[in-house]
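> Structure incoming, see below.
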Amino acid sequence: MRALFKQLYRYTHCRALRHNENFWPHLAIKRAPEGHVERFVWKRKKINIKPLSVSSSNAGCDFTIVATGPSIKELDFSGLQKTVFIGVNGAYVLSDVVKFSYYIIVDRDFIKERVDIVEKIISDRELELFITAHCLNDVLNRLGMHNLLCKISIIEDVSYRIYEEKVSPEHYATVYGQQKELTIYASEYQSGFSWDIRKGIFDAGTVAYWALQISVFLGAKRIFLAGVDMNNFSAPRFYENNENKQPSFLEENFSKLIEPAFYNASKDLEKKGVKVYNLSLNSGLSETIFEKATPDEIFKKG
């Protein structure tokens, strides 16, 4: 039946809407005036979601984005405990060391391969999970509604908004150029930065870039990047080993997409008074992008 619906959708909708084929007719949404999803109905059952307009504000707070590079094993989190923690993918393995307030899942392969970690994330009642509709659909199909105990907020890639036509990067300026909440970076592989994630989020090839935009939206004044190594790409993530290592596309995207996006964002963040530190001292993101420092060095500065 699922295959039948997919074929019917393809025959009745244009190619630019193809990214919605797994939703129809099982998913219905309602958008708020600001543009984000505020109502989410899955297989005729309403899923309680937290609209982005009412996501908790942490204006002026320090945020620590916990990514999954191997350097995490060397980081002492004791000096960061007063920061707001926002985790991505398998970083939840550290939940006995840090208390995550927010979490982000945008990788469908992560859900497929590490459903054991995903189950723990969605069972955390204290957590607000930012997740795409595609990923939430996968989670619901695999784990069901009864396991969904965390708070849920729907986020969207600016290229793939639900039930709207795909916007390719080369068309960002045309479609989004007049929206003051979105900054478009003109380069060979176009990207941008979202100052209001209700309008969508720029992907730039890594979930850490999503986390940066979400942290700014939530009110972060200083942001600390943990485990954003961007080097030694063949090494397992800190929670993996050589036997269960998932594929990574960071290396092929780094020079052409990831590095330029972070570089451009760093200049805009500096202008807006948002300071970002990279706690991965050997990160492939150079100091021309974000200052590298240890937590001790940062907090001595005040």
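Chain lettering (A, B, ...) mirrors the order of the structure tokens, residue numbering begins at 1 for each chain separately, and ligand numbering begins at 1 in order of display.
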Quick one: residues within 10 Å of range 88-99 of chain A, only C-alpha atoms, excluding same-chain residues fewer than 3 positions away - as a VMD selection string?
chain A and resid 65 to 69 72 76 to 78 80 to 81 83 to 85 102 to 107 110 to 111 114 116 to 118 120 to 121 126 to 127 129 to 130 207 to 208 210 to 211 227 237 to 240
> Mind checking which residues fall within 12 Å of Asp203 in chain A, counting only C-alpha atoms, ignoring those fewer than 4 positions away in the same chain, and posting them as a PyMOL selection string?
chain A and resi 106-107+132+155-160+168-169+189-194+197+207-214+253+257-258+261-262
> Write out the residues from the selection above, keeping N, CA and C atoms, as a compact mmCIF listing (two decimals), in the first residue's frame.

# COMPACT_ATOMS: atom_id res chain seq x y z
N VAL A 106 18.70 15.21 12.58
CA VAL A 106 18.35 15.49 11.18
C VAL A 106 18.88 14.42 10.24
N ASP A 107 19.49 13.39 10.80
CA ASP A 107 20.15 12.34 10.02
C ASP A 107 19.31 11.06 10.05
N THR A 132 13.54 16.99 12.10
CA THR A 132 12.84 17.20 10.84
C THR A 132 11.64 16.26 10.74
N ILE A 155 11.74 21.20 12.80
CA ILE A 155 12.60 22.11 12.06
C ILE A 155 12.65 21.66 10.61
N GLU A 156 13.00 22.60 9.72
CA GLU A 156 12.98 22.29 8.29
C GLU A 156 14.21 22.85 7.60
N ASP A 157 14.76 22.07 6.70
CA ASP A 157 15.78 22.52 5.77
C ASP A 157 15.12 23.53 4.82
N VAL A 158 15.76 24.67 4.59
CA VAL A 158 15.17 25.66 3.69
C VAL A 158 14.94 25.10 2.29
N SER A 159 15.67 24.04 1.95
CA SER A 159 15.50 23.44 0.63
C SER A 159 14.29 22.51 0.56
N TYR A 160 13.87 21.98 1.72
CA TYR A 160 12.87 20.90 1.72
C TYR A 160 11.77 21.16 2.74
N SER A 168 16.47 24.65 -4.63
CA SER A 168 17.88 24.29 -4.78
C SER A 168 18.76 25.45 -4.34
N PRO A 169 19.97 25.17 -3.84
CA PRO A 169 20.86 26.24 -3.36
C PRO A 169 21.07 27.36 -4.37
N TYR A 189 29.18 26.76 -3.86
CA TYR A 189 28.14 25.93 -3.27
C TYR A 189 27.41 26.80 -2.26
N GLN A 190 26.28 27.35 -2.67
CA GLN A 190 25.62 28.36 -1.87
C GLN A 190 25.07 27.81 -0.57
N SER A 191 25.16 28.64 0.46
CA SER A 191 24.58 28.31 1.76
C SER A 191 24.07 29.62 2.34
N GLY A 192 23.84 29.63 3.63
CA GLY A 192 23.36 30.83 4.27
C GLY A 192 23.28 30.62 5.77
N PHE A 193 22.62 31.56 6.44
CA PHE A 193 22.44 31.45 7.88
C PHE A 193 21.04 31.94 8.23
N SER A 194 20.35 31.17 9.07
CA SER A 194 19.00 31.51 9.48
C SER A 194 19.03 32.12 10.88
N ILE A 197 14.78 30.45 12.86
CA ILE A 197 14.63 29.09 12.33
C ILE A 197 13.20 28.74 11.98
N VAL A 207 25.31 18.59 10.86
CA VAL A 207 24.31 18.92 11.87
C VAL A 207 24.82 19.98 12.84
N ALA A 208 26.15 20.11 12.96
CA ALA A 208 26.70 21.14 13.83
C ALA A 208 26.31 22.53 13.35
N TYR A 209 26.15 22.69 12.04
CA TYR A 209 25.74 23.98 11.49
C TYR A 209 24.27 24.27 11.80
N TRP A 210 23.45 23.23 11.79
CA TRP A 210 22.06 23.38 12.26
C TRP A 210 22.06 23.84 13.71
N ALA A 211 22.90 23.19 14.53
CA ALA A 211 22.93 23.49 15.96
C ALA A 211 23.35 24.94 16.21
N LEU A 212 24.25 25.45 15.39
CA LEU A 212 24.69 26.83 15.53
C LEU A 212 23.52 27.79 15.31
N GLN A 213 22.74 27.54 14.27
CA GLN A 213 21.59 28.41 13.97
C GLN A 213 20.52 28.30 15.05
N ILE A 214 20.28 27.09 15.54
CA ILE A 214 19.27 26.90 16.58
C ILE A 214 19.70 27.58 17.87
N ASN A 253 32.55 17.06 1.74
CA ASN A 253 31.83 18.33 1.78
C ASN A 253 32.60 19.45 2.46
N LEU A 257 31.84 23.19 1.00
CA LEU A 257 30.58 23.62 1.59
C LEU A 257 30.70 23.97 3.08
N ILE A 258 31.21 23.04 3.87
CA ILE A 258 31.20 23.22 5.33
C ILE A 258 32.09 24.38 5.77
N ALA A 261 30.82 27.88 4.74
CA ALA A 261 29.61 28.27 5.48
C ALA A 261 29.97 28.74 6.88
N PHE A 262 30.80 27.98 7.58
CA PHE A 262 31.21 28.38 8.93
C PHE A 262 31.99 29.70 8.89
> Which of these residues is nearest to Gly79 in chain A, using only C-alpha atoms: A:Val37, A:Leu52, A:Ile289, A:Leu279?
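Ranked by minimum distance to Gly79 in chain A, first place goes to A:Leu279.
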> Could you check how far CA of Asp138 in chain A sits from CA of Ile47 in chain A, in Å to one decimal?
13.8 Å
> Just how far from CA of Val228 in chain A is CA of Phe290 in chain A, in Å to one decimal?
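Going from CA of Phe290 in chain A over to CA of Val228 in chain A covers 11.3 Å.
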> Applying 9 Å and only C-alpha atoms, which residues near Leu250 in chain A remain after dropping the ones on its own chain fewer than 4 positions away? List them as a PDB file with all heavy atoms, in the first residue's frame.

ATOM      1  N   GLY A 205      25.854  20.757   5.142  1.00  0.00           N
ATOM      2  CA  GLY A 205      26.578  19.493   5.186  1.00  0.00           C
ATOM      3  C   GLY A 205      26.904  18.922   6.545  1.00  0.00           C
ATOM      4  O   GLY A 205      27.555  17.882   6.628  1.00  0.00           O
ATOM      5  N   THR A 206      26.467  19.562   7.631  1.00  0.00           N
ATOM      6  CA  THR A 206      26.758  19.036   8.963  1.00  0.00           C
ATOM      7  C   THR A 206      25.706  19.489   9.965  1.00  0.00           C
ATOM      8  O   THR A 206      25.263  20.652   9.944  1.00  0.00           O
ATOM      9  CB  THR A 206      28.152  19.472   9.457  1.00  0.00           C
ATOM     10  OG1 THR A 206      28.313  19.097  10.822  1.00  0.00           O
ATOM     11  CG2 THR A 206      28.341  20.977   9.343  1.00  0.00           C
ATOM     12  N   MET A 230      36.210  18.072  12.483  1.00  0.00           N
ATOM     13  CA  MET A 230      36.392  18.346  11.057  1.00  0.00           C
ATOM     14  C   MET A 230      37.787  17.967  10.553  1.00  0.00           C
ATOM     15  O   MET A 230      38.399  18.673   9.754  1.00  0.00           O
ATOM     16  CB  MET A 230      36.106  19.831  10.754  1.00  0.00           C
ATOM     17  CG  MET A 230      34.681  20.243  11.029  1.00  0.00           C
ATOM     18  SD  MET A 230      33.507  19.365   9.958  1.00  0.00           S
ATOM     19  CE  MET A 230      31.954  19.705  10.800  1.00  0.00           C
ATOM     20  N   ASN A 231      38.299  16.865  11.047  1.00  0.00           N
ATOM     21  CA  ASN A 231      39.557  16.312  10.541  1.00  0.00           C
ATOM     22  C   ASN A 231      39.577  14.820  10.863  1.00  0.00           C
ATOM     23  O   ASN A 231      38.658  14.310  11.515  1.00  0.00           O
ATOM     24  CB  ASN A 231      40.780  17.014  11.148  1.00  0.00           C
ATOM     25  CG  ASN A 231      40.774  17.008  12.665  1.00  0.00           C
ATOM     26  OD1 ASN A 231      40.164  16.141  13.292  1.00  0.00           O
ATOM     27  ND2 ASN A 231      41.439  17.977  13.277  1.00  0.00           N
ATOM     28  N   PHE A 233      38.795  12.290   9.208  1.00  0.00           N
ATOM     29  CA  PHE A 233      37.410  11.932   8.903  1.00  0.00           C
ATOM     30  C   PHE A 233      37.151  10.430   8.910  1.00  0.00           C
ATOM     31  O   PHE A 233      36.007   9.996   9.039  1.00  0.00           O
ATOM     32  CB  PHE A 233      37.023  12.513   7.543  1.00  0.00           C
ATOM     33  CG  PHE A 233      37.030  14.011   7.506  1.00  0.00           C
ATOM     34  CD1 PHE A 233      38.056  14.700   6.863  1.00  0.00           C
ATOM     35  CD2 PHE A 233      36.032  14.741   8.110  1.00  0.00           C
ATOM     36  CE1 PHE A 233      38.063  16.087   6.813  1.00  0.00           C
ATOM     37  CE2 PHE A 233      36.025  16.123   8.074  1.00  0.00           C
ATOM     38  CZ  PHE A 233      37.054  16.796   7.431  1.00  0.00           C
ATOM     39  N   PHE A 254      33.718  19.115   3.118  1.00  0.00           N
ATOM     40  CA  PHE A 254      34.369  20.086   3.990  1.00  0.00           C
ATOM     41  C   PHE A 254      34.837  21.335   3.240  1.00  0.00           C
ATOM     42  O   PHE A 254      34.434  22.456   3.560  1.00  0.00           O
ATOM     43  CB  PHE A 254      35.551  19.449   4.729  1.00  0.00           C
ATOM     44  CG  PHE A 254      36.232  20.411   5.671  1.00  0.00           C
ATOM     45  CD1 PHE A 254      35.592  20.818   6.833  1.00  0.00           C
ATOM     46  CD2 PHE A 254      37.495  20.912   5.382  1.00  0.00           C
ATOM     47  CE1 PHE A 254      36.198  21.720   7.695  1.00  0.00           C
ATOM     48  CE2 PHE A 254      38.113  21.807   6.234  1.00  0.00           C
ATOM     49  CZ  PHE A 254      37.463  22.207   7.400  1.00  0.00           C
ATOM     50  N   ILE A 258      31.207  23.038   3.873  1.00  0.00           N
ATOM     51  CA  ILE A 258      31.197  23.218   5.328  1.00  0.00           C
ATOM     52  C   ILE A 258      32.086  24.378   5.766  1.00  0.00           C
ATOM     53  O   ILE A 258      31.636  25.284   6.484  1.00  0.00           O
ATOM     54  CB  ILE A 258      31.639  21.916   6.031  1.00  0.00           C
ATOM     55  CG1 ILE A 258      30.642  20.796   5.734  1.00  0.00           C
ATOM     56  CG2 ILE A 258      31.762  22.140   7.531  1.00  0.00           C
ATOM     57  CD1 ILE A 258      31.092  19.424   6.217  1.00  0.00           C
TER      58      ILE A 258
END
> Using DSSP assignments from the backbone, pull out every residue in range 90-150 of chain A that falls under strand (DSSP E or B) and give it to me as a ChimeraX atom specification.
/A:100-105,128-131
> I'd like to know which of A:Ile223, A:Arg198, A:Asn22, A:Glu74 is closest to Cys135 in chain A, using only C-alpha atoms.
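Looking only at the distances to Cys135 in chain A, the closest residue turns out to be A:Asn22.
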> So that I can check the secondary structure, give me every residue of range 173-280 of chain A assigned helix (DSSP H, G or I) by backbone DSSP, as a PyMOL selection string.
chain A and resi 173-176+197-199+207-217+250-271
> List the neighbours of Ile152 in chain A out to 8 Å using only C-alpha atoms; skip same-chain residues closer than 6 positions along the sequence, and give me the result as a list of chain:residue names.
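Listed by chain and then number, they are A:Asn48, A:Ile49, A:Lys50, A:Glu128, A:Leu129, A:Phe130, A:Ile131.
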> Determine, counting only C-alpha atoms, which protein, DNA and RNA residues have an atom within 7 Å of an atom of Arg222 in chain A; residues of the same chain fewer than 2 positions away are not included. Present the result as number ranges by chain.
A: 61-63, 220, 224, 274-276
> Between CA of Tyr277 in chain A and CA of Ala293 in chain A, what is the distance in Å, rounded to a tenth?
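CA of Ala293 in chain A lies 6.6 Å from CA of Tyr277 in chain A.
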